[in-house]
file upload_35.txt (compact mmCIF, C-alpha atoms)
# COMPACT_ATOMS: atom_id res chain seq x y z
CA MET A 1 -36.35 61.97 -100.57
CA GLY A 2 -35.11 65.08 -102.37
CA GLN A 3 -35.30 67.25 -99.26
CA PRO A 4 -32.93 65.08 -97.17
CA VAL A 5 -30.46 64.97 -100.06
CA ARG A 6 -30.40 68.77 -100.22
CA GLU A 7 -29.89 68.98 -96.46
CA TYR A 8 -27.02 66.51 -96.61
CA LEU A 9 -25.50 68.48 -99.48
CA LEU A 10 -25.79 71.69 -97.48
CA THR A 11 -24.15 70.06 -94.47
CA LEU A 12 -21.36 68.76 -96.69
CA CYS A 13 -20.73 72.17 -98.26
CA VAL A 14 -20.73 74.02 -94.93
CA THR A 15 -18.32 71.53 -93.37
CA ALA A 16 -15.97 71.67 -96.36
CA ALA A 17 -16.10 75.47 -96.59
CA VAL A 18 -15.39 76.04 -92.89
CA THR A 19 -12.52 73.53 -92.95
CA TYR A 20 -11.05 75.12 -96.08
CA LEU A 21 -11.30 78.69 -94.79
CA LEU A 22 -9.86 77.82 -91.37
CA THR A 23 -6.86 75.93 -92.74
CA GLY A 24 -5.04 79.09 -93.91
CA PRO A 25 -5.14 80.86 -90.53
CA VAL A 26 -4.34 77.58 -88.78
CA ARG A 27 -1.23 77.23 -90.95
CA LYS A 28 -0.03 80.68 -89.88
CA PHE A 29 -0.76 79.82 -86.26
CA ALA A 30 1.17 76.54 -86.54
CA ILE A 31 4.19 78.36 -87.94
CA ALA A 32 4.04 81.00 -85.18
CA ALA A 33 3.62 78.29 -82.52
CA GLY A 34 6.59 76.35 -83.83
CA ALA A 35 4.57 73.25 -84.74
CA MET A 36 7.00 72.43 -87.56
CA PRO A 37 8.99 69.32 -86.55
CA GLU A 38 12.39 68.66 -88.05
CA ILE A 39 12.66 66.30 -91.00
CA ARG A 40 12.84 62.67 -89.85
CA ALA A 41 14.52 59.79 -91.64
CA ARG A 42 11.16 58.21 -92.53
CA ASP A 43 9.63 61.43 -93.87
CA VAL A 44 9.08 61.90 -97.60
CA HIS A 45 8.96 65.71 -97.61
CA ARG A 46 12.25 67.61 -97.68
CA GLU A 47 11.46 70.85 -95.86
CA PRO A 48 9.72 71.54 -92.53
CA THR A 49 5.95 71.79 -92.95
CA PRO A 50 3.51 73.07 -90.31
CA ARG A 51 1.09 70.63 -88.71
CA LEU A 52 -2.01 71.16 -86.59
CA GLY A 53 -4.31 70.91 -89.61
CA GLY A 54 -6.63 68.98 -87.33
CA ILE A 55 -7.66 72.29 -85.74
CA ALA A 56 -9.37 73.35 -88.98
CA MET A 57 -10.91 69.90 -89.42
CA PHE A 58 -12.36 69.98 -85.91
CA GLY A 59 -13.84 73.41 -86.67
CA GLY A 60 -15.46 71.95 -89.79
CA LEU A 61 -16.87 69.06 -87.73
CA CYS A 62 -18.47 71.43 -85.22
CA ALA A 63 -19.87 73.65 -87.98
CA GLY A 64 -21.35 70.68 -89.85
CA LEU A 65 -23.07 69.25 -86.78
CA LEU A 66 -24.35 72.71 -85.80
CA VAL A 67 -25.92 73.31 -89.21
CA ALA A 68 -27.41 69.81 -89.34
CA SER A 69 -29.04 70.28 -85.95
CA HIS A 70 -31.11 73.17 -87.35
CA LEU A 71 -32.28 71.46 -90.56
CA THR A 72 -35.78 70.04 -90.75
CA ASN A 73 -35.05 66.39 -91.54
CA LEU A 74 -31.66 66.08 -89.86
CA GLN A 75 -32.85 67.67 -86.63
CA SER A 76 -34.57 64.39 -85.76
CA VAL A 77 -31.16 62.74 -85.52
CA PHE A 78 -30.31 65.00 -82.59
CA ASP A 79 -33.77 64.69 -81.02
CA ASN A 80 -34.02 60.89 -81.15
CA SER A 81 -30.40 59.95 -80.51
CA ASN A 82 -27.56 60.98 -78.26
CA GLU A 83 -24.96 59.71 -80.72
CA PRO A 84 -24.04 63.11 -82.26
CA ARG A 85 -23.22 64.47 -78.80
CA ALA A 86 -21.30 61.29 -78.01
CA LEU A 87 -19.28 61.73 -81.20
CA LEU A 88 -18.53 65.37 -80.42
CA SER A 89 -17.34 64.49 -76.89
CA GLY A 90 -15.00 61.74 -78.09
CA ALA A 91 -13.79 63.88 -81.00
CA ALA A 92 -12.93 66.78 -78.68
CA LEU A 93 -10.80 64.51 -76.47
CA ILE A 94 -8.96 62.83 -79.32
CA TRP A 95 -8.43 66.19 -81.04
CA LEU A 96 -6.95 67.74 -77.89
CA LEU A 97 -4.62 64.77 -77.50
CA GLY A 98 -3.54 65.15 -81.13
CA VAL A 99 -2.84 68.88 -80.75
CA LEU A 100 -0.58 68.17 -77.77
CA ASP A 101 1.22 65.50 -79.75
CA ASP A 102 1.71 67.75 -82.79
CA LYS A 103 3.22 70.52 -80.67
CA TRP A 104 5.18 68.76 -77.95
CA GLY A 105 5.03 65.04 -78.74
CA VAL A 106 3.21 62.42 -76.69
CA ASP A 107 4.42 58.94 -75.79
CA ALA A 108 2.86 56.14 -77.86
CA LEU A 109 1.38 54.39 -74.83
CA VAL A 110 -0.10 57.66 -73.57
CA LYS A 111 -1.72 58.18 -76.98
CA LEU A 112 -3.12 54.65 -76.89
CA GLY A 113 -4.59 55.33 -73.45
CA GLY A 114 -6.10 58.59 -74.68
CA GLN A 115 -7.70 56.81 -77.63
CA MET A 116 -9.25 54.26 -75.32
CA ILE A 117 -10.59 57.01 -73.04
CA ALA A 118 -12.14 58.85 -76.01
CA ALA A 119 -13.80 55.62 -77.14
CA GLY A 120 -15.00 54.96 -73.57
CA VAL A 121 -16.59 58.42 -73.39
CA MET A 122 -18.59 57.67 -76.53
CA VAL A 123 -19.67 54.31 -75.10
CA LEU A 124 -20.88 55.95 -71.89
CA GLN A 125 -23.11 58.25 -73.94
CA GLY A 126 -24.73 55.45 -75.89
CA LEU A 127 -22.54 55.08 -78.97
CA THR A 128 -21.80 51.38 -78.59
CA ILE A 129 -22.36 48.02 -80.26
CA LEU A 130 -25.46 46.35 -78.83
CA TRP A 131 -25.67 43.23 -80.98
CA ILE A 132 -23.88 41.48 -83.82
CA PRO A 133 -25.58 39.70 -86.73
CA ILE A 134 -23.66 36.50 -87.42
CA PRO A 135 -24.42 34.49 -90.60
CA GLY A 136 -25.80 31.06 -89.78
CA VAL A 137 -26.33 31.96 -86.13
CA GLY A 138 -28.55 35.02 -86.16
CA THR A 139 -28.50 38.09 -83.97
CA VAL A 140 -26.25 37.77 -80.95
CA SER A 141 -26.92 40.25 -78.15
CA LEU A 142 -23.85 41.52 -76.33
CA THR A 143 -23.45 42.17 -72.65
CA PRO A 144 -22.50 45.74 -71.68
CA MET A 145 -18.92 44.62 -71.05
CA GLN A 146 -18.66 42.81 -74.39
CA GLY A 147 -20.16 45.74 -76.25
CA THR A 148 -17.78 48.17 -74.57
CA LEU A 149 -14.68 46.10 -75.31
CA LEU A 150 -15.67 45.52 -78.93
CA THR A 151 -16.50 49.19 -79.47
CA VAL A 152 -13.24 50.39 -77.94
CA ALA A 153 -11.25 47.87 -80.00
CA LEU A 154 -12.90 48.95 -83.27
CA VAL A 155 -12.34 52.65 -82.52
CA VAL A 156 -8.68 52.18 -81.56
CA ILE A 157 -7.94 50.00 -84.60
CA THR A 158 -9.56 52.47 -86.99
CA ILE A 159 -7.80 55.49 -85.47
CA ASN A 160 -4.37 53.87 -85.70
CA ALA A 161 -5.00 52.50 -89.20
CA VAL A 162 -5.73 56.01 -90.49
CA ASN A 163 -2.79 57.41 -88.52
CA PHE A 164 -0.42 54.84 -90.00
CA VAL A 165 -1.39 55.60 -93.58
CA ASP A 166 -0.87 59.36 -93.16
CA GLY A 167 2.54 59.38 -94.80
CA LEU A 168 2.14 61.15 -98.16
CA ASP A 169 0.60 64.48 -99.11
CA GLY A 170 -3.16 64.09 -99.44
CA LEU A 171 -3.11 60.33 -98.84
CA ALA A 172 -4.99 59.94 -95.56
CA SER A 173 -7.58 62.64 -96.23
CA GLY A 174 -8.27 61.34 -99.73
CA MET A 175 -8.58 57.69 -98.71
CA VAL A 176 -10.86 58.54 -95.79
CA CYS A 177 -13.00 60.73 -98.07
CA ILE A 178 -13.42 57.80 -100.47
CA ALA A 179 -14.33 55.51 -97.58
CA ALA A 180 -16.81 58.07 -96.21
CA ALA A 181 -18.49 58.40 -99.62
CA ALA A 182 -18.95 54.62 -99.84
CA PHE A 183 -20.23 54.48 -96.27
CA PHE A 184 -22.71 57.29 -96.96
CA MET A 185 -24.18 55.37 -99.89
CA TYR A 186 -24.57 52.30 -97.70
CA ALA A 187 -26.05 54.07 -94.66
CA TYR A 188 -28.37 56.27 -96.77
CA ARG A 189 -29.81 53.16 -98.42
CA MET A 190 -30.35 51.57 -95.02
CA TRP A 191 -32.24 54.64 -93.78
CA PHE A 192 -34.36 55.61 -96.78
CA GLY A 193 -34.33 52.28 -98.62
CA TYR A 194 -35.52 50.23 -95.66
CA GLY A 195 -36.87 53.05 -93.49
CA ILE A 196 -34.57 52.25 -90.55
CA GLU A 197 -34.06 55.47 -88.60
CA ALA A 198 -31.24 53.92 -86.55
CA ALA A 199 -29.00 54.35 -89.61
CA ALA A 200 -29.56 58.14 -89.64
CA PRO A 201 -26.61 59.07 -87.32
CA ALA A 202 -24.15 57.04 -89.40
CA THR A 203 -25.38 58.78 -92.55
CA LEU A 204 -24.81 62.19 -90.94
CA PHE A 205 -21.35 61.21 -89.65
CA SER A 206 -20.22 60.11 -93.11
CA VAL A 207 -21.38 63.37 -94.72
CA VAL A 208 -19.56 65.48 -92.14
CA LEU A 209 -16.44 63.34 -92.55
CA MET A 210 -16.50 63.85 -96.31
CA GLY A 211 -16.74 67.61 -95.81
CA MET A 212 -13.79 67.65 -93.40
CA CYS A 213 -11.58 65.79 -95.86
CA LEU A 214 -12.68 67.70 -98.96
CA GLY A 215 -12.10 71.05 -97.26
CA PHE A 216 -8.61 70.09 -96.15
CA LEU A 217 -7.44 68.35 -99.35
CA PRO A 218 -6.69 71.50 -101.42
CA HIS A 219 -4.15 72.58 -98.79
CA ASN A 220 -2.74 69.08 -98.36
CA MET A 221 -2.23 67.90 -101.95
CA HIS A 222 1.34 67.54 -103.14
CA PRO A 223 3.27 69.69 -102.44
CA ALA A 224 1.45 70.08 -99.12
CA ARG A 225 1.38 73.50 -97.43
CA ILE A 226 0.20 72.01 -94.14
CA PHE A 227 -0.14 68.55 -92.59
CA MET A 228 -3.17 67.39 -90.63
CA GLY A 229 -0.88 65.87 -87.98
CA ASP A 230 -2.14 63.46 -85.35
CA SER A 231 -4.79 66.03 -84.40
CA GLY A 232 -6.36 65.45 -87.82
CA SER A 233 -5.59 61.81 -88.58
CA MET A 234 -6.85 60.54 -85.22
CA LEU A 235 -9.91 62.79 -85.48
CA ILE A 236 -11.07 61.52 -88.88
CA GLY A 237 -10.28 57.96 -87.79
CA LEU A 238 -12.55 58.37 -84.77
CA VAL A 239 -15.39 59.87 -86.85
CA MET A 240 -15.16 56.97 -89.29
CA ALA A 241 -15.19 54.45 -86.44
CA ALA A 242 -18.20 56.18 -84.87
CA GLY A 243 -20.19 55.73 -88.07
CA ALA A 244 -19.21 52.07 -88.30
CA VAL A 245 -20.16 51.44 -84.66
CA SER A 246 -23.48 53.23 -85.10
CA VAL A 247 -24.66 51.32 -88.15
CA THR A 248 -23.25 47.98 -86.99
CA GLY A 249 -24.47 47.89 -83.42
CA GLN A 250 -27.58 50.06 -83.50
CA VAL A 251 -29.49 48.69 -86.52
CA ASP A 252 -31.70 45.80 -85.39
CA PRO A 253 -31.50 42.92 -87.94
CA ASP A 254 -34.95 41.69 -86.88
CA LEU A 255 -36.36 45.07 -87.88
CA LEU A 256 -34.81 44.72 -91.31
CA ASN A 257 -36.42 41.29 -91.70
CA LEU A 258 -39.76 42.84 -90.81
CA LYS A 259 -39.29 45.63 -93.34
CA ALA A 260 -38.27 43.21 -96.10
CA GLY A 261 -41.22 40.86 -95.66
CA GLY A 262 -41.17 37.23 -96.70
CA LEU A 263 -38.52 34.58 -96.11
CA ARG A 264 -36.81 34.86 -99.49
CA GLU A 265 -36.78 38.67 -99.41
CA ALA A 266 -35.56 38.63 -95.83
CA THR A 267 -32.70 36.32 -96.75
CA HIS A 268 -31.52 38.71 -99.45
CA ALA A 269 -32.19 41.74 -97.26
CA MET A 270 -30.01 40.31 -94.50
CA VAL A 271 -26.96 40.71 -96.72
CA PRO A 272 -26.77 44.49 -96.09
CA VAL A 273 -26.94 43.76 -92.37
CA TYR A 274 -24.10 41.27 -92.48
CA ILE A 275 -22.03 43.70 -94.53
CA PRO A 276 -21.41 46.05 -91.54
CA LEU A 277 -19.32 43.28 -90.01
CA LEU A 278 -16.92 43.69 -92.93
CA LEU A 279 -17.63 47.16 -94.35
CA PRO A 280 -15.86 49.10 -91.56
CA LEU A 281 -12.77 47.05 -92.37
CA THR A 282 -13.18 46.98 -96.16
CA ILE A 283 -13.43 50.78 -96.42
CA ILE A 284 -10.09 51.02 -94.63
CA ALA A 285 -8.73 47.71 -95.88
CA VAL A 286 -5.55 49.29 -97.22
CA PRO A 287 -4.72 51.19 -93.98
CA VAL A 288 -5.58 48.12 -91.87
CA ALA A 289 -3.36 45.91 -94.04
CA ASP A 290 -0.57 48.47 -93.67
CA LEU A 291 -1.12 48.51 -89.90
CA ILE A 292 -0.96 44.71 -89.60
CA LEU A 293 2.13 44.44 -91.82
CA ALA A 294 3.87 47.19 -89.83
CA ILE A 295 3.20 45.44 -86.51
CA VAL A 296 4.43 42.09 -87.84
CA ARG A 297 7.48 43.65 -89.48
CA ARG A 298 8.56 45.60 -86.40
CA THR A 299 7.90 42.74 -84.00
CA TRP A 300 9.84 40.34 -86.24
CA HIS A 301 12.87 42.66 -86.07
CA GLY A 302 12.61 43.00 -82.29
CA GLN A 303 11.27 46.57 -82.41
CA SER A 304 8.30 48.15 -80.72
CA PRO A 305 5.07 47.96 -82.77
CA PHE A 306 4.89 51.75 -82.43
CA ALA A 307 8.43 52.36 -83.74
CA ALA A 308 8.44 54.45 -86.93
CA ASP A 309 10.05 53.16 -90.12
CA ARG A 310 9.94 53.49 -93.93
CA GLY A 311 8.30 50.16 -94.63
CA HIS A 312 4.73 51.35 -95.20
CA LEU A 313 2.92 50.60 -98.45
CA HIS A 314 3.27 54.15 -99.75
CA HIS A 315 7.02 54.08 -99.05
CA ARG A 316 7.33 50.88 -101.08
CA LEU A 317 5.46 52.47 -104.00
CA LEU A 318 8.02 55.26 -104.03
CA GLU A 319 10.91 52.79 -103.85
CA ILE A 320 9.81 50.89 -106.96
CA GLY A 321 9.77 54.08 -109.00
CA HIS A 322 6.34 55.70 -108.66
CA SER A 323 6.18 59.46 -108.24
CA HIS A 324 4.62 61.02 -105.16
CA SER A 325 1.35 61.89 -106.93
CA ARG A 326 1.17 58.56 -108.70
CA ALA A 327 1.65 56.61 -105.46
CA VAL A 328 -1.21 58.56 -103.87
CA LEU A 329 -3.50 57.92 -106.87
CA ILE A 330 -2.75 54.19 -106.75
CA MET A 331 -3.68 54.07 -103.07
CA TYR A 332 -6.87 55.99 -103.91
CA PHE A 333 -7.68 53.44 -106.60
CA TRP A 334 -7.36 50.42 -104.33
CA SER A 335 -9.35 52.07 -101.56
CA ALA A 336 -12.18 53.01 -103.91
CA LEU A 337 -12.21 49.56 -105.51
CA ILE A 338 -12.54 47.74 -102.18
CA ALA A 339 -14.96 50.19 -100.55
CA PHE A 340 -17.40 50.64 -103.44
CA GLY A 341 -17.09 46.96 -104.35
CA ALA A 342 -18.33 46.03 -100.88
CA VAL A 343 -21.21 48.51 -101.15
CA ALA A 344 -22.18 47.21 -104.59
CA TYR A 345 -22.17 43.65 -103.29
CA SER A 346 -24.43 44.65 -100.41
CA VAL A 347 -26.95 46.01 -102.93
CA ASN A 348 -27.00 42.98 -105.21
CA ASN A 349 -25.00 40.04 -103.95
CA ALA A 350 -26.34 37.76 -106.68
CA SER A 351 -24.91 39.73 -109.61
CA MET A 352 -21.93 38.11 -111.28
CA TRP A 353 -21.20 41.35 -113.13
CA ILE A 354 -20.13 43.01 -109.88
CA VAL A 355 -17.60 40.27 -109.20
CA LEU A 356 -16.32 40.37 -112.78
CA GLY A 357 -16.05 44.15 -112.64
CA ILE A 358 -14.02 44.03 -109.44
CA VAL A 359 -11.70 41.39 -110.93
CA LEU A 360 -11.23 43.49 -114.08
CA LEU A 361 -10.47 46.65 -112.14
CA SER A 362 -8.05 44.71 -109.93
CA ALA A 363 -6.19 43.61 -113.06
CA VAL A 364 -6.01 47.24 -114.21
CA GLY A 365 -4.64 48.19 -110.81
CA LEU A 366 -1.94 45.54 -111.03
CA VAL A 367 -0.92 46.82 -114.46
CA LEU A 368 -0.62 50.34 -113.06
CA LEU A 369 1.57 49.03 -110.26
CA LEU A 370 3.89 47.34 -112.76
CA LEU A 371 4.36 50.50 -114.85
CA PRO A 372 5.93 52.99 -112.44
CA ARG A 373 7.82 54.79 -115.21
CA PHE A 374 4.82 55.24 -117.47
CA THR A 375 3.55 58.82 -117.64
CA PRO A 376 0.04 59.24 -119.07
CA ARG A 377 -0.53 62.07 -121.52
CA ALA A 378 -3.79 63.95 -121.74
CA PRO A 379 -5.49 64.57 -125.13
CA ARG A 380 -4.61 67.88 -126.72
CA TRP A 381 -8.10 69.28 -126.17
CA ALA A 382 -7.82 68.63 -122.41
CA GLU A 383 -4.27 69.90 -121.85
CA TRP A 384 -5.46 73.14 -120.26
CA MET A 385 -7.18 71.15 -117.49
CA VAL A 386 -4.20 69.04 -116.36
CA PRO A 387 -0.79 69.80 -114.80
CA PRO A 388 2.09 70.50 -117.24
CA ARG A 389 3.66 67.07 -116.72
CA TYR A 390 0.65 65.45 -118.42
CA ARG A 391 0.73 67.70 -121.50
CA ARG A 392 2.10 66.64 -124.86
CA VAL A 393 3.58 70.04 -125.76
CA VAL A 394 5.80 71.88 -123.30
CA ARG A 395 7.17 75.38 -123.83
CA THR A 396 10.84 75.46 -122.89
CA ALA A 397 13.12 78.50 -122.76
CA LEU A 398 16.39 78.11 -124.72
CA PRO A 399 19.69 79.67 -123.56
CA ASP A 400 19.44 82.53 -126.07
CA GLY A 401 16.00 83.53 -124.82
CA ALA A 402 14.04 81.87 -127.61
CA VAL A 403 11.13 79.61 -126.79
CA ALA A 404 10.71 76.21 -128.41
CA ALA A 405 8.01 73.58 -128.15
CA ALA A 406 9.11 70.22 -126.86
CA GLY A 407 7.76 67.15 -128.61
CA GLU A 408 5.91 64.27 -127.04
CA ASP A 409 9.17 62.74 -125.87
CA GLY A 410 10.13 65.96 -124.13
CA GLY A 411 13.04 66.70 -126.46
CA LEU A 412 13.76 70.07 -128.06
CA PRO A 413 13.58 70.11 -131.87
CA GLY A 414 16.92 70.86 -133.46
CA HIS A 415 18.93 70.46 -130.28
CA GLU A 416 20.37 66.98 -130.52
CA GLY A 417 22.47 65.98 -127.58
CA GLN A 418 20.50 68.27 -125.27
CA GLU A 419 17.17 66.43 -125.38
CA ARG A 420 15.76 65.47 -122.01
CA ARG A 421 12.35 64.74 -120.60
CA GLU A 422 10.25 67.38 -118.94
CA GLY A 423 11.27 67.89 -115.34
CA GLU A 424 14.79 66.48 -115.77
CA ARG A 425 17.67 68.71 -114.74
CA GLU A 426 20.69 69.73 -116.74
CA PRO A 427 23.11 66.76 -116.62
CA LEU A 428 26.11 67.32 -114.38
CA PRO A 429 29.70 66.65 -115.42
CA ALA A 430 31.73 63.90 -113.86
CA GLY A 431 32.42 64.52 -110.20
CA LEU A 432 29.23 66.43 -109.45
CA HIS A 433 26.58 64.11 -108.01
CA GLY A 434 23.37 64.16 -105.99
CA ALA A 435 24.85 65.60 -102.82
CA THR A 436 26.41 68.55 -104.69
CA ALA A 437 25.22 71.94 -103.48
CA ILE A 438 22.69 73.79 -105.59
CA GLY A 439 25.16 76.61 -106.00
CA ASP A 440 27.63 74.32 -107.76
CA ARG A 441 24.92 73.24 -110.18
CA SER A 442 23.94 76.85 -110.85
CA ARG A 443 27.54 77.90 -111.56
CA PHE A 444 27.95 74.96 -113.93
CA VAL A 445 24.79 75.89 -115.87
CA GLU A 446 25.94 79.52 -116.07
CA ARG A 447 29.29 78.42 -117.51
CA ARG A 448 27.48 76.35 -120.14
CA LYS A 449 25.39 79.37 -121.12
CA ALA A 450 28.49 81.61 -121.33
CA ASP A 451 30.24 79.05 -123.56
CA SER A 452 27.23 78.86 -125.88
CA HIS A 453 27.15 82.68 -126.26
CA SER A 454 30.85 82.89 -126.97
call {"tool": "encode", "arguments": {"input": "upload_35.txt", "output": "structure tokens"}}
result
Amino acid sequence: MGQPVREYLLTLCVTAAVTYLLTGPVRKFAIAAGAMPEIRARDVHREPTPRLGGIAMFGGLCAGLLVASHLTNLQSVFDNSNEPRALLSGAALIWLLGVLDDKWGVDALVKLGGQMIAAGVMVLQGLTILWIPIPGVGTVSLTPMQGTLLTVALVVITINAVNFVDGLDGLASGMVCIAAAAFFMYAYRMWFGYGIEAAAPATLFSVVLMGMCLGFLPHNMHPARIFMGDSGSMLIGLVMAAGAVSVTGQVDPDLLNLKAGGLREATHAMVPVYIPLLLPLTIIAVPVADLILAIVRRTWHGQSPFAADRGHLHHRLLEIGHSHSRAVLIMYFWSALIAFGAVAYSVNNASMWIVLGIVLLSAVGLVLLLLPRFTPRAPRWAEWMVPPRYRRVVRTALPDGAVAAAGEDGGLPGHEGQERREGEREPLPAGLHGATAIGDRSRFVERRKADSHS
């Protein structure tokens, strides 16, 4: 089993490295091509930022699949299945549609039609749901029409869920990376734990998806230097959906029963087969919930379901006082809790400790949500590893050029009346408020310095 792990790790590293190295040149190309839309009312960022990050992510996808096709153990995935080629065909179509939308803008209905076409192309090449395991009923075989409709619906829902959640720096790529990691653990266990080769394509897809997200994240973390745009968000949504379709509709539950052996063992072994009905939704539970709430909210107000607004979950986190980075970390937390909780339950559904652990972590998450003003401080020995805002001691330059160390509360020793927390600006006099030009603030600070010297 060690050899496949090394090959997956190599595929992950190659995908991440190619994505990372391509993102810089793609950013320059996006700026030269004018793919920097004006700031919209619903945007969180305050200056134009280039898009088209999906170009680098698509390059990483191609590189990862190319490397995997030449590795000893992973080569069998390409020899025994047409699913990798089906994924690449659908990904190329959805990526091209996203590039056009990032540069010139595409109507919402046209995008929806393009998503359905990309899903249909994958279905035509064999990446489709063949049967569904239903608890209490058994395995239900689907007709070609039913399988096509269900596959297209799952792909379109997943693509739009990821696209909807792409509203903060590093949010979509980080959440999808977490989901891909959980899905890899699940699919890898299905393949090597039960010896079901039909789970091999989904395992490969999840590894490549992790590499795409990890390679792009360093450029996309707050403050982002480039956005993935629709070319990236729709692409990673499609790759995630392809893995879900593969492991849900291609793994034969009867084969799993045969591998498990015995009625009691088969009953427990069927739990991992039933999980695919929920796992594709649980790993993107937060984006799907955001998608459903957005549709209901916009329809209730008489708007189009595709109309943009500032009512998404990440917008609400900012409104109640969380910082940009903190809001992203909270969304990461909930995604990881739901995704890995579902995977843990599929491994041992009889363990009460898993349920208690999920409840405990949920309580911790609720506490974090209720403390938007709380700023954690790192231990002194770890201050060099964290950003300055998490350090207990901050070096601050005084007006006369001296340097003083701020205490844990951010105040300057010996400067009563001028204490303020790290990151806060010099207070303005009456009459100068948020909309005041930066130049007015600078002149005011200069006058304060001149008065202190005199």
call {"tool": "atom_distance", "arguments": {"input": "upload_35.txt", "atom1": "CA of Phe192 (chain A)", "atom2": "CA of Pro4 (chain A)"}}
result
9.6 Å
call {"tool": "closest_atom_pairs", "arguments": {"input": "upload_35.txt", "of": "region 107-202 of chain A", "to": "region 221-226 of chain A", "cutoff": "10 Å", "atoms": "only C-alpha atoms", "output": "Markdown table"}}
result
| residue | atom | partner | partner_atom | distance |
| --- | --- | --- | --- | --- |
| A:Leu168 | CA | A:His222 | CA | 8.1 |
| A:Asp169 | CA | A:His222 | CA | 5.1 |
| A:Gly170 | CA | A:Met221 | CA | 4.7 |
| A:Leu171 | CA | A:Met221 | CA | 8.2 |
| A:Ser173 | CA | A:Met221 | CA | 9.4 |
| A:Gly174 | CA | A:Met221 | CA | 9.2 |
call {"tool": "closest_residue", "arguments": {"input": "upload_35.txt", "among": "A:Ala30, A:Leu88, A:Val155, A:Leu149", "to": "Gly114 (chain A)", "atoms": "only C-alpha atoms"}}
result
A:Val155
call {"tool": "atom_distance", "arguments": {"input": "upload_35.txt", "atom1": "CA of Gly147 (chain A)", "atom2": "CA of Leu235 (chain A)"}}
result
21.9 Å
call {"tool": "residues_near_point", "arguments": {"input": "upload_35.txt", "point": "(1.3, 57.4, -103.7)", "cutoff": "8 Å", "atoms": "all atoms listed in the file", "output": "PyMOL selection string"}}
result
chain A and resi 168+171+314+317-318+322-331
call {"tool": "residues_around", "arguments": {"input": "upload_35.txt", "residues": "Leu71 (chain A)", "least_positions_apart": "6", "cutoff": "10 Å", "atoms": "only C-alpha atoms", "output": "list in words"}}
result
Pro4, Glu7, Tyr8, Leu10 and Thr11 of chain A
call {"tool": "residues_near_point", "arguments": {"input": "upload_35.txt", "point": "(-14.0, 67.4, -92.6)", "cutoff": "12 Å", "atoms": "only C-alpha atoms", "output": "VMD selection string"}}
result
chain A and resid 11 to 23 53 to 65 173 to 174 176 to 177 180 205 to 217 228 232 to 233 235 to 237 239 to 240
call {"tool": "axis_aligned_box", "arguments": {"input": "upload_35.txt", "around": "region 13-18 of chain A", "padding_each_side": "6 Å", "output": "AutoDock Vina command-line options"}}
result
--center_x -18.1 --center_y 73.8 --center_z -95.6 --size_x 17.3 --size_y 16.5 --size_z 17.4
call {"tool": "atom_distance", "arguments": {"input": "upload_35.txt", "atom1": "CA of Ala108 (chain A)", "atom2": "CA of Arg85 (chain A)"}}
result
27.4 Å
call {"tool": "residues_around", "arguments": {"input": "upload_35.txt", "residues": "Phe29 (chain A)", "least_positions_apart": "2", "cutoff": "12 Å", "atoms": "all atoms listed in the file", "output": "ChimeraX atom specification"}}
result
/A:22-27,31-36,50-53,55-56,103,226
call {"tool": "residues_around", "arguments": {"input": "upload_35.txt", "residues": "Gly113 (chain A)", "least_positions_apart": "2", "cutoff": "12 Å", "atoms": "only C-alpha atoms", "output": "list in words"}}
result
Leu93, Ile94, Leu97, Val106, Asp107, Ala108, Leu109, Val110, Lys111, Gln115, Met116, Ile117, Ala118, Ala119, Gly120, Val152, Ala153 and Val156 of chain A
call {"tool": "closest_residue", "arguments": {"input": "upload_35.txt", "among": "A:Leu124, A:Val99, A:Leu361, A:Ala336", "to": "Asn82 (chain A)", "atoms": "all atoms listed in the file"}}
result
A:Leu124
